[in-house]
Each structure stands twice: as C-alpha cells, then as structure tokens.
>>> print(open('work_7.cif').read())   # mmCIF, C-alpha atoms and all ligand atoms
data_query
loop_
_atom_site.label_atom_id
_atom_site.label_comp_id
_atom_site.auth_asym_id
_atom_site.auth_seq_id
_atom_site.Cartn_x
_atom_site.Cartn_y
_atom_site.Cartn_z
CA MET A 313 123.54 103.10 118.68
CA ARG A 314 125.97 106.01 118.58
CA ASP A 315 127.59 105.12 115.30
CA LEU A 316 125.60 103.91 112.34
CA THR A 317 127.89 101.22 111.00
CA SER A 318 127.05 98.46 108.60
CA GLN A 319 128.11 95.87 111.15
CA ALA A 320 125.96 97.25 113.98
CA LEU A 321 122.93 97.61 111.72
CA LEU A 322 123.35 94.12 110.30
CA GLU A 323 123.46 92.74 113.85
CA ASP A 324 120.21 94.58 114.58
CA VAL A 325 118.60 93.10 111.48
CA GLN A 326 119.86 89.64 112.40
CA ARG A 327 118.26 89.89 115.85
CA TRP A 328 114.89 90.46 114.13
CA VAL A 329 115.42 87.62 111.66
CA ALA A 330 116.52 85.19 114.40
CA ILE A 331 112.99 85.23 115.84
CA GLU A 332 110.78 83.49 113.29
CA SER A 333 107.27 84.92 113.27
CA PRO A 334 104.76 83.46 110.83
CA THR A 335 101.40 85.21 111.08
CA GLN A 336 99.44 82.24 112.39
CA ASP A 337 101.88 81.36 115.18
CA VAL A 338 100.74 83.68 117.94
CA GLY A 339 103.50 82.65 120.36
CA ALA A 340 106.17 83.28 117.74
CA VAL A 341 104.79 86.68 116.71
CA ASN A 342 104.57 87.71 120.34
CA ARG A 343 108.21 86.76 120.87
CA MET A 344 108.94 89.14 117.99
CA ALA A 345 106.82 91.76 119.77
CA ASP A 346 108.86 91.19 122.96
CA HIS A 347 112.00 92.04 121.02
CA ALA A 348 110.45 95.14 119.43
CA GLU A 349 109.17 96.24 122.83
CA ALA A 350 112.64 95.90 124.41
CA GLU A 351 114.17 97.90 121.56
CA LEU A 352 111.62 100.69 121.88
CA ARG A 353 111.85 100.78 125.69
CA GLY A 354 115.61 101.04 125.36
CA LEU A 355 115.31 104.28 123.42
CA GLY A 356 112.88 105.77 125.89
CA ALA A 357 109.59 105.19 124.09
CA ALA A 358 106.35 104.97 126.04
CA ILE A 359 104.95 101.52 125.27
CA GLU A 360 101.38 100.44 124.59
CA ARG A 361 100.82 96.78 123.91
CA ILE A 362 97.39 95.72 122.76
CA PRO A 363 96.68 92.01 123.31
CA GLY A 364 96.02 90.06 120.14
CA THR A 365 92.59 88.91 119.06
CA ASP A 366 91.31 86.13 116.79
CA GLY A 367 94.36 83.95 117.40
CA LEU A 368 96.78 86.62 116.21
CA GLY A 369 99.66 88.35 117.96
CA ASP A 370 99.79 91.63 119.86
CA ILE A 371 99.89 95.12 118.42
CA LEU A 372 102.77 97.18 119.74
CA LEU A 373 103.08 100.96 119.89
CA GLY A 374 106.06 102.97 121.05
CA ARG A 375 105.65 106.72 121.42
CA VAL A 376 108.68 108.99 121.26
CA PRO A 377 108.35 112.69 122.07
CA GLY A 378 109.44 115.24 119.51
CA LYS A 379 111.03 118.66 119.86
CA THR A 380 107.60 120.05 119.17
CA GLY A 381 104.19 118.71 120.06
CA GLY A 382 101.09 118.24 118.00
CA ALA A 383 100.19 115.62 115.47
CA GLY A 384 103.32 113.69 114.64
CA MET A 385 104.57 110.92 112.47
CA LEU A 386 103.31 107.35 112.45
CA VAL A 387 105.91 104.74 111.51
CA LEU A 388 104.24 101.54 110.37
CA GLY A 389 105.67 98.05 110.20
CA HIS A 390 104.60 94.45 110.48
CA MET A 391 106.25 91.76 112.57
CA ASP A 392 104.82 88.72 110.79
CA THR A 393 106.25 86.85 107.83
CA VAL A 394 104.97 84.16 105.48
CA HIS A 395 107.74 81.75 106.43
CA PRO A 396 106.87 78.90 108.84
CA VAL A 397 108.98 78.22 111.92
CA GLY A 398 111.82 75.97 110.79
CA THR A 399 112.65 77.99 107.67
CA LEU A 400 115.68 79.44 109.41
CA ALA A 401 117.03 75.98 110.27
CA GLY A 402 116.02 74.64 106.86
CA PRO A 403 115.76 76.23 103.42
CA LEU A 404 116.55 79.86 104.30
CA PRO A 405 119.18 80.19 107.05
CA PHE A 406 120.57 83.61 107.94
CA ARG A 407 123.65 83.82 105.78
CA ILE A 408 125.83 86.40 104.07
CA GLU A 409 126.92 85.98 100.48
CA GLY A 410 128.94 88.89 99.16
CA GLU A 411 126.82 92.02 99.60
CA ARG A 412 123.66 90.06 100.34
CA ALA A 413 122.23 88.99 103.67
CA HIS A 414 119.61 86.24 103.41
CA GLY A 415 116.95 85.17 105.86
CA PRO A 416 113.21 84.76 106.35
CA GLY A 417 111.54 88.16 106.44
CA ILE A 418 114.84 90.03 106.09
CA TYR A 419 113.47 92.08 103.18
CA ASP A 420 109.74 91.93 103.96
CA MET A 421 110.08 93.56 106.39
CA LYS A 422 112.31 92.92 109.37
CA GLY A 423 115.14 94.87 107.78
CA GLY A 424 112.86 97.90 107.49
CA ASN A 425 111.65 97.64 111.10
CA ALA A 426 115.23 97.29 112.30
CA ILE A 427 116.58 100.36 110.47
CA ALA A 428 113.64 102.63 111.38
CA ILE A 429 114.11 101.76 115.05
CA ALA A 430 117.91 101.97 114.71
CA ALA A 431 117.50 105.54 113.47
CA LEU A 432 115.54 106.39 116.63
CA LYS A 433 118.15 104.58 118.76
CA HIS A 434 120.83 106.68 117.08
CA LEU A 435 119.00 109.91 117.88
CA HIS A 436 118.49 108.79 121.48
CA ALA A 437 122.13 107.75 121.92
CA THR A 438 123.38 111.08 120.60
CA GLY A 439 121.04 113.16 122.73
CA ARG A 440 118.80 114.25 119.87
CA ARG A 441 115.10 114.06 119.23
CA PRO A 442 112.79 113.80 116.25
CA ARG A 443 111.33 117.13 115.21
CA LEU A 444 107.76 115.84 115.56
CA PRO A 445 106.48 113.21 117.99
CA VAL A 446 106.95 109.75 116.50
CA THR A 447 104.74 106.72 117.07
CA VAL A 448 106.21 103.39 115.98
CA MET A 449 103.45 100.86 115.39
CA VAL A 450 104.25 97.26 114.56
CA ILE A 451 101.42 94.87 113.88
CA PRO A 452 101.12 91.07 113.86
CA ASP A 453 99.02 90.19 110.83
CA GLU A 454 99.85 92.18 107.67
CA GLU A 455 100.59 89.09 105.63
CA ALA A 456 97.04 87.94 106.30
CA GLY A 457 95.53 91.30 105.32
CA SER A 458 95.77 92.90 108.81
CA PRO A 459 92.32 91.71 109.93
CA SER A 460 92.93 92.37 113.62
CA SER A 461 94.95 95.56 113.16
CA ARG A 462 93.14 97.55 110.50
CA ALA A 463 90.86 99.54 112.80
CA GLN A 464 93.77 100.39 115.09
CA ILE A 465 95.97 101.43 112.15
CA GLU A 466 93.24 103.69 110.82
CA SER A 467 92.56 105.39 114.14
CA GLU A 468 96.28 105.96 114.75
CA ALA A 469 96.75 107.31 111.23
CA LEU A 470 93.99 109.85 111.73
CA ARG A 471 95.76 111.12 114.86
CA HIS A 472 99.00 111.72 112.96
CA ALA A 473 100.10 114.24 110.35
CA MET A 474 101.84 111.69 108.15
CA VAL A 475 102.67 108.01 107.87
CA LEU A 476 106.04 106.52 106.95
CA VAL A 477 105.97 102.83 106.08
CA ALA A 478 109.11 100.70 106.44
CA GLU A 479 108.00 98.11 103.88
CA PRO A 480 110.68 97.01 101.41
CA SER A 481 111.69 99.52 98.80
CA GLY A 482 111.01 98.97 95.14
CA GLN A 483 113.72 97.99 92.71
CA GLY A 484 116.98 99.76 93.47
CA GLY A 485 115.43 101.73 96.34
CA ARG A 486 112.33 103.22 94.78
CA LEU A 487 109.80 104.69 97.17
CA THR A 488 106.13 103.85 96.95
CA LEU A 489 103.79 106.79 96.38
CA ALA A 490 100.63 104.93 95.45
CA ARG A 491 99.31 101.44 95.86
CA HIS A 492 96.75 99.52 93.92
CA GLY A 493 93.78 98.01 95.67
CA ILE A 494 93.29 94.34 96.31
CA SER A 495 89.96 92.53 96.37
CA ARG A 496 89.24 88.95 97.20
CA PHE A 497 86.20 87.09 95.98
CA HIS A 498 85.09 83.65 97.03
CA LEU A 499 83.23 81.70 94.39
CA ARG A 500 81.19 78.62 95.09
CA THR A 501 79.40 76.39 92.61
CA ILE A 502 76.74 73.96 93.74
CA GLY A 503 76.00 71.19 91.26
CA GLN A 504 73.89 68.06 91.34
CA PRO A 505 75.62 64.91 92.58
CA ALA A 506 75.26 61.53 90.98
CA HIS A 507 77.06 58.19 90.73
CA ALA A 508 79.83 59.07 88.31
CA ASP A 509 79.54 55.85 86.30
CA ALA A 510 75.97 54.59 86.48
CA TYR A 511 74.15 57.96 86.48
CA HIS A 512 76.68 60.36 85.04
CA GLU A 513 74.26 62.00 82.61
CA VAL A 514 71.91 63.18 85.38
CA GLY A 515 74.67 64.76 87.44
CA ARG A 516 75.74 68.38 87.09
CA SER A 517 79.40 68.95 87.88
CA ALA A 518 80.32 71.84 90.15
CA ILE A 519 83.96 71.49 89.09
CA ARG A 520 83.14 71.73 85.39
CA GLU A 521 81.11 74.88 86.02
CA MET A 522 83.92 76.40 88.07
CA ALA A 523 86.43 75.59 85.33
CA HIS A 524 84.36 77.66 82.89
CA ARG A 525 84.22 80.52 85.39
CA VAL A 526 87.97 80.45 86.06
CA LEU A 527 88.78 80.85 82.38
CA ALA A 528 86.20 83.60 81.91
CA ILE A 529 87.38 85.52 84.98
CA GLU A 530 91.09 85.34 84.20
CA ALA A 531 90.38 86.37 80.60
CA THR A 532 89.16 89.78 81.82
CA THR A 533 92.67 90.69 83.04
CA ASP A 534 93.80 93.96 81.49
CA TYR A 535 97.49 94.49 82.19
CA ALA A 536 97.52 97.89 80.49
CA ARG A 537 95.01 99.18 83.07
CA THR A 538 96.56 97.17 85.93
CA ILE A 539 93.39 95.18 86.40
CA VAL A 540 94.53 91.66 87.16
CA LEU A 541 92.21 88.81 88.10
CA LYS A 542 93.71 85.51 89.14
CA VAL A 543 92.34 82.41 90.78
CA GLY A 544 94.68 81.57 93.63
CA THR A 545 93.08 78.50 95.14
CA ILE A 546 90.49 75.96 94.07
CA THR A 547 89.03 72.92 95.78
CA GLY A 548 86.16 70.70 94.78
CA GLY A 549 84.58 67.30 94.73
CA SER A 550 84.50 64.74 97.50
CA HIS A 551 85.06 61.42 95.74
CA GLU A 552 86.42 60.40 92.37
CA ASN A 553 83.38 58.23 91.66
CA MET A 554 80.85 60.98 92.19
CA VAL A 555 79.73 63.89 90.01
CA PRO A 556 80.99 66.73 92.19
CA LEU A 557 78.42 68.60 94.24
CA GLY A 558 80.59 71.51 95.28
CA CYS A 559 83.60 73.54 94.20
CA GLU A 560 85.16 76.66 95.73
CA ALA A 561 87.69 79.09 94.35
CA CYS A 562 89.30 82.28 95.59
CA VAL A 563 89.86 85.07 93.10
CA CYS A 564 92.40 87.76 93.92
CA VAL A 565 91.95 91.02 92.04
CA LEU A 566 94.35 93.92 91.63
CA VAL A 567 92.76 97.27 90.75
CA PRO A 568 94.26 100.76 90.29
CA THR A 569 91.27 102.77 91.50
CA VAL A 570 88.03 102.49 93.43
CA GLU A 571 86.12 102.99 90.17
CA ALA A 572 87.89 100.07 88.52
CA GLU A 573 87.15 97.94 91.55
CA ALA A 574 83.46 98.76 91.31
CA GLN A 575 83.45 97.67 87.67
CA VAL A 576 85.17 94.37 88.43
CA HIS A 577 82.95 93.79 91.44
CA GLY A 578 79.81 94.37 89.37
CA ARG A 579 81.03 92.04 86.67
CA LEU A 580 81.78 89.25 89.13
CA LEU A 581 78.46 89.61 90.93
CA GLY A 582 76.71 89.51 87.55
CA LEU A 583 78.30 86.21 86.53
CA LEU A 584 75.75 83.71 85.37
CA SER A 585 76.17 79.97 85.39
CA VAL A 586 77.02 78.42 82.06
CA ASN A 587 74.84 75.51 83.09
CA PRO A 588 71.67 76.86 84.74
CA ASP A 589 71.32 73.67 86.78
CA VAL A 590 74.48 74.65 88.68
CA ARG A 591 74.17 77.45 91.20
CA LEU A 592 76.94 80.02 91.46
CA GLU A 593 77.54 82.13 94.57
CA VAL A 594 79.95 85.09 94.71
CA ARG A 595 80.89 86.97 97.85
CA GLY A 596 83.72 89.26 98.85
CA GLY A 597 85.09 92.60 97.79
CA LEU A 598 87.76 95.17 98.42
CA PHE A 599 89.94 94.57 101.47
CA ARG A 600 92.93 96.78 100.69
CA PRO A 601 91.61 99.96 99.11
CA PRO A 602 93.76 101.71 96.51
CA TYR A 603 95.27 105.13 97.00
CA VAL A 604 96.87 107.52 94.57
CA LYS A 605 99.62 110.09 94.87
CA THR A 606 98.55 113.43 96.35
CA PRO A 607 100.48 116.74 96.55
CA ALA A 608 101.29 115.97 100.20
CA ILE A 609 102.68 112.55 99.27
CA GLN A 610 104.71 114.21 96.52
CA ALA A 611 106.06 116.66 99.12
CA LEU A 612 107.13 113.80 101.40
CA TYR A 613 108.81 112.11 98.47
CA ASP A 614 110.60 115.27 97.32
CA HIS A 615 111.83 115.80 100.85
CA ALA A 616 113.27 112.27 101.06
CA VAL A 617 114.82 112.45 97.59
CA ALA A 618 116.57 115.71 98.38
CA PHE A 619 118.26 114.20 101.43
CA ALA A 620 119.19 110.97 99.74
CA ARG A 621 120.68 112.69 96.70
CA ASP A 622 124.25 112.87 97.96
CA MET A 623 124.27 109.46 99.64
CA PRO A 624 125.09 106.01 98.32
CA PHE A 625 121.83 104.53 97.04
CA PRO A 626 120.08 107.81 96.18
CA VAL A 627 116.36 107.30 95.67
CA PRO A 628 116.16 106.25 92.00
CA GLY A 629 112.51 107.08 91.56
CA GLU A 630 108.97 106.44 92.59
CA ARG A 631 106.51 103.66 91.93
CA ALA A 632 102.88 102.76 92.25
CA ALA A 633 103.07 99.33 93.82
CA GLY A 634 100.97 96.37 92.86
CA GLY A 635 101.25 94.60 96.18
CA GLY A 636 99.27 95.89 99.15
CA SER A 637 100.54 97.08 102.49
CA ASP A 638 99.12 98.78 105.54
CA GLY A 639 99.88 102.00 103.67
CA ASN A 640 96.71 101.28 101.67
CA PHE A 641 94.62 101.88 104.79
CA THR A 642 96.32 105.14 105.70
CA GLY A 643 96.74 106.48 102.16
CA CYS A 644 93.11 106.00 101.26
CA LEU A 645 92.09 107.94 104.39
CA GLY A 646 93.96 110.91 102.94
CA VAL A 647 96.78 110.83 105.51
CA PRO A 648 100.01 111.59 103.60
CA THR A 649 101.76 108.23 103.34
CA LEU A 650 105.30 107.54 102.14
CA ASP A 651 105.87 103.81 101.73
CA GLY A 652 108.80 101.65 100.70
CA LEU A 653 111.31 103.21 103.10
CA GLY A 654 112.63 99.83 104.16
CA VAL A 655 115.68 98.02 102.90
CA ILE A 656 116.74 97.31 99.33
CA GLY A 657 116.71 93.67 98.29
CA ASP A 658 114.66 91.07 96.52
CA GLY A 659 112.92 87.72 96.73
CA PRO A 660 110.13 88.48 99.23
CA HIS A 661 108.04 85.43 100.20
CA THR A 662 110.58 83.03 98.66
CA HIS A 663 113.63 81.11 99.79
CA GLU A 664 115.75 83.61 97.86
CA GLU A 665 114.76 86.50 100.14
CA HIS A 666 117.66 88.85 100.81
CA GLN A 667 118.69 92.43 101.40
CA LEU A 668 121.72 94.40 100.28
CA ILE A 669 124.08 95.07 103.18
CA PRO A 670 125.56 98.31 101.71
CA CYS A 671 122.11 99.95 101.80
CA LEU A 672 121.88 99.73 105.60
CA VAL A 673 123.85 102.86 106.50
CA PRO A 674 122.38 105.18 103.82
CA ARG A 675 118.82 103.97 104.37
CA THR A 676 119.09 104.36 108.15
CA THR A 677 120.63 107.78 107.63
CA LEU A 678 117.65 108.72 105.50
CA TRP A 679 115.33 107.74 108.37
CA VAL A 680 117.42 109.85 110.80
CA ARG A 681 117.14 112.85 108.52
CA LEU A 682 113.42 112.40 107.99
CA PHE A 683 112.88 112.17 111.75
CA GLU A 684 114.93 115.29 112.37
CA THR A 685 113.51 117.46 109.61
CA LEU A 686 109.97 116.51 108.68
CA GLY A 687 107.53 118.98 110.11
CA THR A 688 104.18 120.41 109.24
CA PRO A 689 102.94 121.71 106.94
CA LEU A 690 104.56 119.17 104.65
CA VAL A 691 104.87 121.41 101.64
CA ALA A 692 106.89 124.00 103.56
CA ALA A 693 109.09 121.27 105.01
CA ALA A 694 109.80 119.95 101.54
CA GLN A 695 111.28 123.25 100.43
CA ALA A 696 114.15 123.32 102.84
CA PRO A 697 116.12 120.15 103.39
CA GLY A 698 118.73 122.09 105.34
CA SER A 699 122.44 121.54 105.17
CA SER A 700 122.58 122.03 108.92
CA VAL A 701 121.39 118.52 109.66
CA ALA A 702 124.09 116.91 111.75
CA MET A 703 124.69 113.18 111.57
ZN ZN B 801 105.45 93.40 104.03
#
>>> encode(input="work_7.cif", output="structure tokens")
Amino acid sequence: MRDLTSQALLEDVQRWVAIESPTQDVGAVNRMADHAEAELRGLGAAIERIPGTDGLGDILLGRVPGKTGGAGMLVLGHMDTVHPVGTLAGPLPFRIEGERAHGPGIYDMKGGNAIAIAALKHLHATGRRPRLPVTVMVIPDEEAGSPSSRAQIESEALRHAMVLVAEPSGQGGRLTLARHGISRFHLRTIGQPAHADAYHEVGRSAIREMAHRVLAIEATTDYARTIVLKVGTITGGSHENMVPLGCEACVCVLVPTVEAEAQVHGRLLGLLSVNPDVRLEVRGGLFRPPYVKTPAIQALYDHAVAFARDMPFPVPGERAAGGGSDGNFTGCLGVPTLDGLGVIGDGPHTHEEHQLIPCLVPRTTLWVRLFETLGTPLVAAAQAPGSSVAM
C-alpha cells in the first residue's frame, strides 16, 4: 500500500470484517488466520503458524526485520469476535452511514489489526523498514480469555522490548496505559431435594441459597475503588415440582490491583451458607491480572502523543481500562505495553458496532511513525520524535 488513503484502508478493514470469526468456530477463525497470513507474507514477513489446541484456532506470527537487530516490538491482536456466523448477513451487515463503517468485529478489533498491518505494508511498499524488528502476533481466542494463547503471548512478550496492542481505542482515541484485572469465580450450592408440594418443609433449596449469595456478593461492589462484582450467569433446579438440589452461578470481578483481588478472593472463599444445611462451593480466581502505568509505559505514550499532536484525531488522553485484553498478560510481566492503538469507534460486542472512517489515515500514520521511530531505550526514544520522519 503505497498511499495511505481512506478508501484503501477501508477496503483492507472490510476484507477482515467479511470473514466472520467467532471464537468457538475453529474453521472460521482459521479462515481469518489464512487472510492474516497472506497479508503478512505479502509484506515479506517470516511466518510461523502454531496449530490450534482445545478446539480453538491457530496462532499466527509474522516476523519483520528492522533496521537494527535485538529485542524488538511485539504487535498484538486477536482474530476472534463475539459475533456468530450469520451476523454479517443478518443484524450487522457491513455498511457505511456517514462517517461510520459498521460490521461485526470492525471496532473490536479487526479495524486495529488491519491498520497495524497496513502500516507495515506501507513501509514495505515504499522501501522502508521499521527501526526495530517487529513481530505481529494474532491469536484466536481473546474473547474467551485467551486460554490457548496465554503462554505463547507471555513467552513472546518476554523476548521483546515493548508491546503495542491494536485493541480499540478509548473514547475519542484515548490510549490505554493500565488495565484492571478480571477474576471469575464459579459458585455452586448443593441443597437437599424434596417433593416440592408434599415434602416442601424438609427440602433445602439450592436456588434460594444462591439468591442470598448473589445479593450479598453484588452488594460489595465499590465503584469508587473500581471493585465491581457481578453475577453474569445462573442456572439451577431440574424440575418445577422439586426443591432444587443444585444451583450454579458465575461471578465476574473487576479489580484495580493484585492486592484488591486478594481481598475479594478471600472474601468470596470465606462466604458461609445462610442456611447451614446447604453446602456452598467457590472456585476460581484471577485470569487477567491487572497492570498499572510504569515510567516506560508513560514514555511510550508520550512518544505516541507527540507524533499524533499535529494530525487529525490527536490522542486526547490516556485511560485505565476496565475491560481486559491480552495487554494484561504482557503489562503485568513488566514488558512496556501501549494498548488501545486500534481504531476509534463504539458499540463493541453489540449490533451497533462501528468505527469512524476519518480516523483510518491518522491512526495508520501513527502506527507508521511508531514503527519507524521507536527504539530502545524507550525513555531516550521518547525525547526525540524527530521532524525528519518521512511519510
Ligand atoms: Zn478485543
């Protein structure tokens, strides 16, 4: 891609969106991986494709040499979406309305994958190279918590000097400098069954016990400290004419720090049954660890902000994001991680999902500049966003 035009970039994004890729559909996700692989091969990347495990799609890596060697930059993205196959032909077709382009996964995060790779295609087409070696890694299962990719993400991150994540930007283009942690707990109550009419008084209801627990757990939410506990799913009972023997619930917890998570964890494990005749089991814990802003992350951010200052859509600020991403895994390892470099838009995981078309050129340009200028050490690089960067 010699010229970074809105039209060419939108066509790139549309090619990603046209291949639906819900996490659980391994064939669909691998068709997405085929497309990503072709794109990366086309710009001269050395490809590694790791076959999927546990019924999930493949992990794809494309390695691009830099002007200098050494530990380079890891670009992270995910190929999966939450939208089932058929969304494109049904409730969320690819369509343009004014400045908005709609489609499944267009914001989270096919738009981001497309522009990061488009920036590399642009460098390749104009005979240029990133300053540091770049590894593009796209994974198949982020929307399910990256169960099959986490170990690979962590080992790649530790081999790189920094991580740039092409997840959607925050409101208006904010970059993500910290992410809260996410825990999941599975609660199970085991009651005592009985005929619901004839012997109701001797039964002990697992659902009733769980209902008490749900209210108690959600009541510990503390928005001011960003500690949020919410029961996302609940199932129980096996027949309407039976005092229910079992009930299960999944509690999702958002925490700002490891210490806060330990407190919440301890409180949940210490839950006692309201009715001692009903047993309560709690298992689970942290699966996306939190990370906080470090001086190196600040340096990455300052570097990006300086370049974006004179462009349309300058970076309007930073955020600590509530939702998790694969940046949680790399940030908490201490590898400088700048997240939220994807497209600007809204409505992730809904049928209103869209991105803003006018952000495509400036956001891709920002990627080009980051590829061409980011070096190590990060703090030195942040001081000199040179005017000599050609576009
Ligand atoms: Zn995402």
>>> closest_residue(input="work_7.cif", among="A:Pro607, A:Pro588, A:Gly389, A:Gly356", to="Ala426 (chain A)", atoms="only C-alpha atoms")
A:Gly389
>>> residues_near_point(input="work_7.cif", point="(113.1, 90.8, 121.5)", cutoff="12 Å", atoms="only C-alpha atoms", output="MDAnalysis selection string")
chainID A and resid 324:333 340:354 391 426
>>> write_last_selection(input="work_7.cif", atoms="C-alpha atoms", output="mmCIF file, keeping the file's coordinate frame")
data_model
loop_
_atom_site.group_PDB
_atom_site.id
_atom_site.type_symbol
_atom_site.label_atom_id
_atom_site.label_comp_id
_atom_site.auth_asym_id
_atom_site.auth_seq_id
_atom_site.Cartn_x
_atom_site.Cartn_y
_atom_site.Cartn_z
ATOM 1 C CA ASP A 324 120.210 94.580 114.580
ATOM 2 C CA VAL A 325 118.600 93.100 111.480
ATOM 3 C CA GLN A 326 119.860 89.640 112.400
ATOM 4 C CA ARG A 327 118.260 89.890 115.850
ATOM 5 C CA TRP A 328 114.890 90.460 114.130
ATOM 6 C CA VAL A 329 115.420 87.620 111.660
ATOM 7 C CA ALA A 330 116.520 85.190 114.400
ATOM 8 C CA ILE A 331 112.990 85.230 115.840
ATOM 9 C CA GLU A 332 110.780 83.490 113.290
ATOM 10 C CA SER A 333 107.270 84.920 113.270
ATOM 11 C CA ALA A 340 106.170 83.280 117.740
ATOM 12 C CA VAL A 341 104.790 86.680 116.710
ATOM 13 C CA ASN A 342 104.570 87.710 120.340
ATOM 14 C CA ARG A 343 108.210 86.760 120.870
ATOM 15 C CA MET A 344 108.940 89.140 117.990
ATOM 16 C CA ALA A 345 106.820 91.760 119.770
ATOM 17 C CA ASP A 346 108.860 91.190 122.960
ATOM 18 C CA HIS A 347 112.000 92.040 121.020
ATOM 19 C CA ALA A 348 110.450 95.140 119.430
ATOM 20 C CA GLU A 349 109.170 96.240 122.830
ATOM 21 C CA ALA A 350 112.640 95.900 124.410
ATOM 22 C CA GLU A 351 114.170 97.900 121.560
ATOM 23 C CA LEU A 352 111.620 100.690 121.880
ATOM 24 C CA ARG A 353 111.850 100.780 125.690
ATOM 25 C CA GLY A 354 115.610 101.040 125.360
ATOM 26 C CA MET A 391 106.250 91.760 112.570
ATOM 27 C CA ALA A 426 115.230 97.290 112.300
#
>>> residues_near_ligand(input="work_7.cif", ligand="ligand ZN 801 (chain B)", cutoff="6 Å", atoms="all atoms listed in the file", output="ChimeraX atom specification")
/A:420-421,479
>>> axis_aligned_box(input="work_7.cif", around="region 313-320 of chain A", padding_each_side="6 Å", output="lines of an AutoDock Vina configuration file")
center_x = 125.8
center_y = 100.9
center_z = 113.6
size_x = 16.6
size_y = 22.1
size_z = 22.1
>>> closest_residue(input="work_7.cif", among="A:Cys671, A:Leu432, A:Arg412, A:Ala618", to="Glu684 (chain A)", atoms="all atoms listed in the file")
A:Leu432
>>> closest_residue(input="work_7.cif", among="A:Asp315, A:Glu521, A:Glu630, A:Asp534", to="Gly558 (chain A)", atoms="all atoms listed in the file")
A:Glu521
>>> closest_residue(input="work_7.cif", among="A:Ser637, A:Val565, A:Glu560, A:Gly629", to="Ile546 (chain A)", atoms="only C-alpha atoms")
A:Glu560
>>> closest_residue(input="work_7.cif", among="A:Arg443, A:His498, A:His512, A:His492", to="Glu593 (chain A)", atoms="all atoms listed in the file")
A:His498
>>> closest_residue(input="work_7.cif", among="A:Ala478, A:Val376, A:Met554, A:Ile427", to="Arg440 (chain A)", atoms="only C-alpha atoms")
A:Val376
>>> atom_distance(input="work_7.cif", atom1="CA of Val450 (chain A)", atom2="CA of His661 (chain A)")
19.0 Å
>>> residues_around(input="work_7.cif", residues="region 483-491 of chain A", least_positions_apart="6", cutoff="8 Å", atoms="all atoms listed in the file", output="PyMOL selection string")
chain A and resi 568+602-605+609-610+613+625-636+639-640+643+649-653+655-658
>>> atom_distance(input="work_7.cif", atom1="CA of Asp392 (chain A)", atom2="CA of Thr538 (chain A)")
27.5 Å
>>> residues_around(input="work_7.cif", residues="Ala620 (chain A)", least_positions_apart="3", cutoff="9 Å", atoms="all atoms listed in the file", output="list in words")
His615, Ala616, Val617, Met623, Pro624, Phe625, Pro626, Val627, Pro674, Arg675, Thr677 and Leu678 of chain A
>>> residues_around(input="work_7.cif", residues="His436 (chain A)", least_positions_apart="3", cutoff="9 Å", atoms="all atoms listed in the file", output="list of chain:residue names")
A:Met313, A:Arg314, A:Leu355, A:Gly356, A:Ala431, A:Leu432, A:Lys433, A:Gly439, A:Arg440, A:Arg441
>>> residues_around(input="work_7.cif", residues="Leu581 (chain A)", least_positions_apart="2", cutoff="9 Å", atoms="only C-alpha atoms", output="mmCIF file with C-alpha atoms, in the coordinates of the input")
data_model
loop_
_atom_site.group_PDB
_atom_site.id
_atom_site.type_symbol
_atom_site.label_atom_id
_atom_site.label_comp_id
_atom_site.auth_asym_id
_atom_site.auth_seq_id
_atom_site.Cartn_x
_atom_site.Cartn_y
_atom_site.Cartn_z
ATOM 1 C CA VAL A 576 85.170 94.370 88.430
ATOM 2 C CA HIS A 577 82.950 93.790 91.440
ATOM 3 C CA GLY A 578 79.810 94.370 89.370
ATOM 4 C CA ARG A 579 81.030 92.040 86.670
ATOM 5 C CA LEU A 583 78.300 86.210 86.530
ATOM 6 C CA LEU A 584 75.750 83.710 85.370
ATOM 7 C CA GLU A 593 77.540 82.130 94.570
ATOM 8 C CA VAL A 594 79.950 85.090 94.710
ATOM 9 C CA ARG A 595 80.890 86.970 97.850
#
>>> atom_distance(input="work_7.cif", atom1="CA of Arg516 (chain A)", atom2="CA of Phe497 (chain A)")
23.2 Å
>>> residues_around(input="work_7.cif", residues="Thr447 (chain A)", least_positions_apart="5", cutoff="7 Å", atoms="only C-alpha atoms", output="PDB file with C-alpha atoms, keeping the file's coordinate frame")
ATOM      1  CA  LEU A 373     103.080 100.960 119.890  1.00  0.00           C
ATOM      2  CA  GLY A 374     106.060 102.970 121.050  1.00  0.00           C
ATOM      3  CA  ARG A 375     105.650 106.720 121.420  1.00  0.00           C
ATOM      4  CA  VAL A 376     108.680 108.990 121.260  1.00  0.00           C
ATOM      5  CA  MET A 385     104.570 110.920 112.470  1.00  0.00           C
ATOM      6  CA  LEU A 386     103.310 107.350 112.450  1.00  0.00           C
ATOM      7  CA  VAL A 387     105.910 104.740 111.510  1.00  0.00           C
TER       8      VAL A 387
END
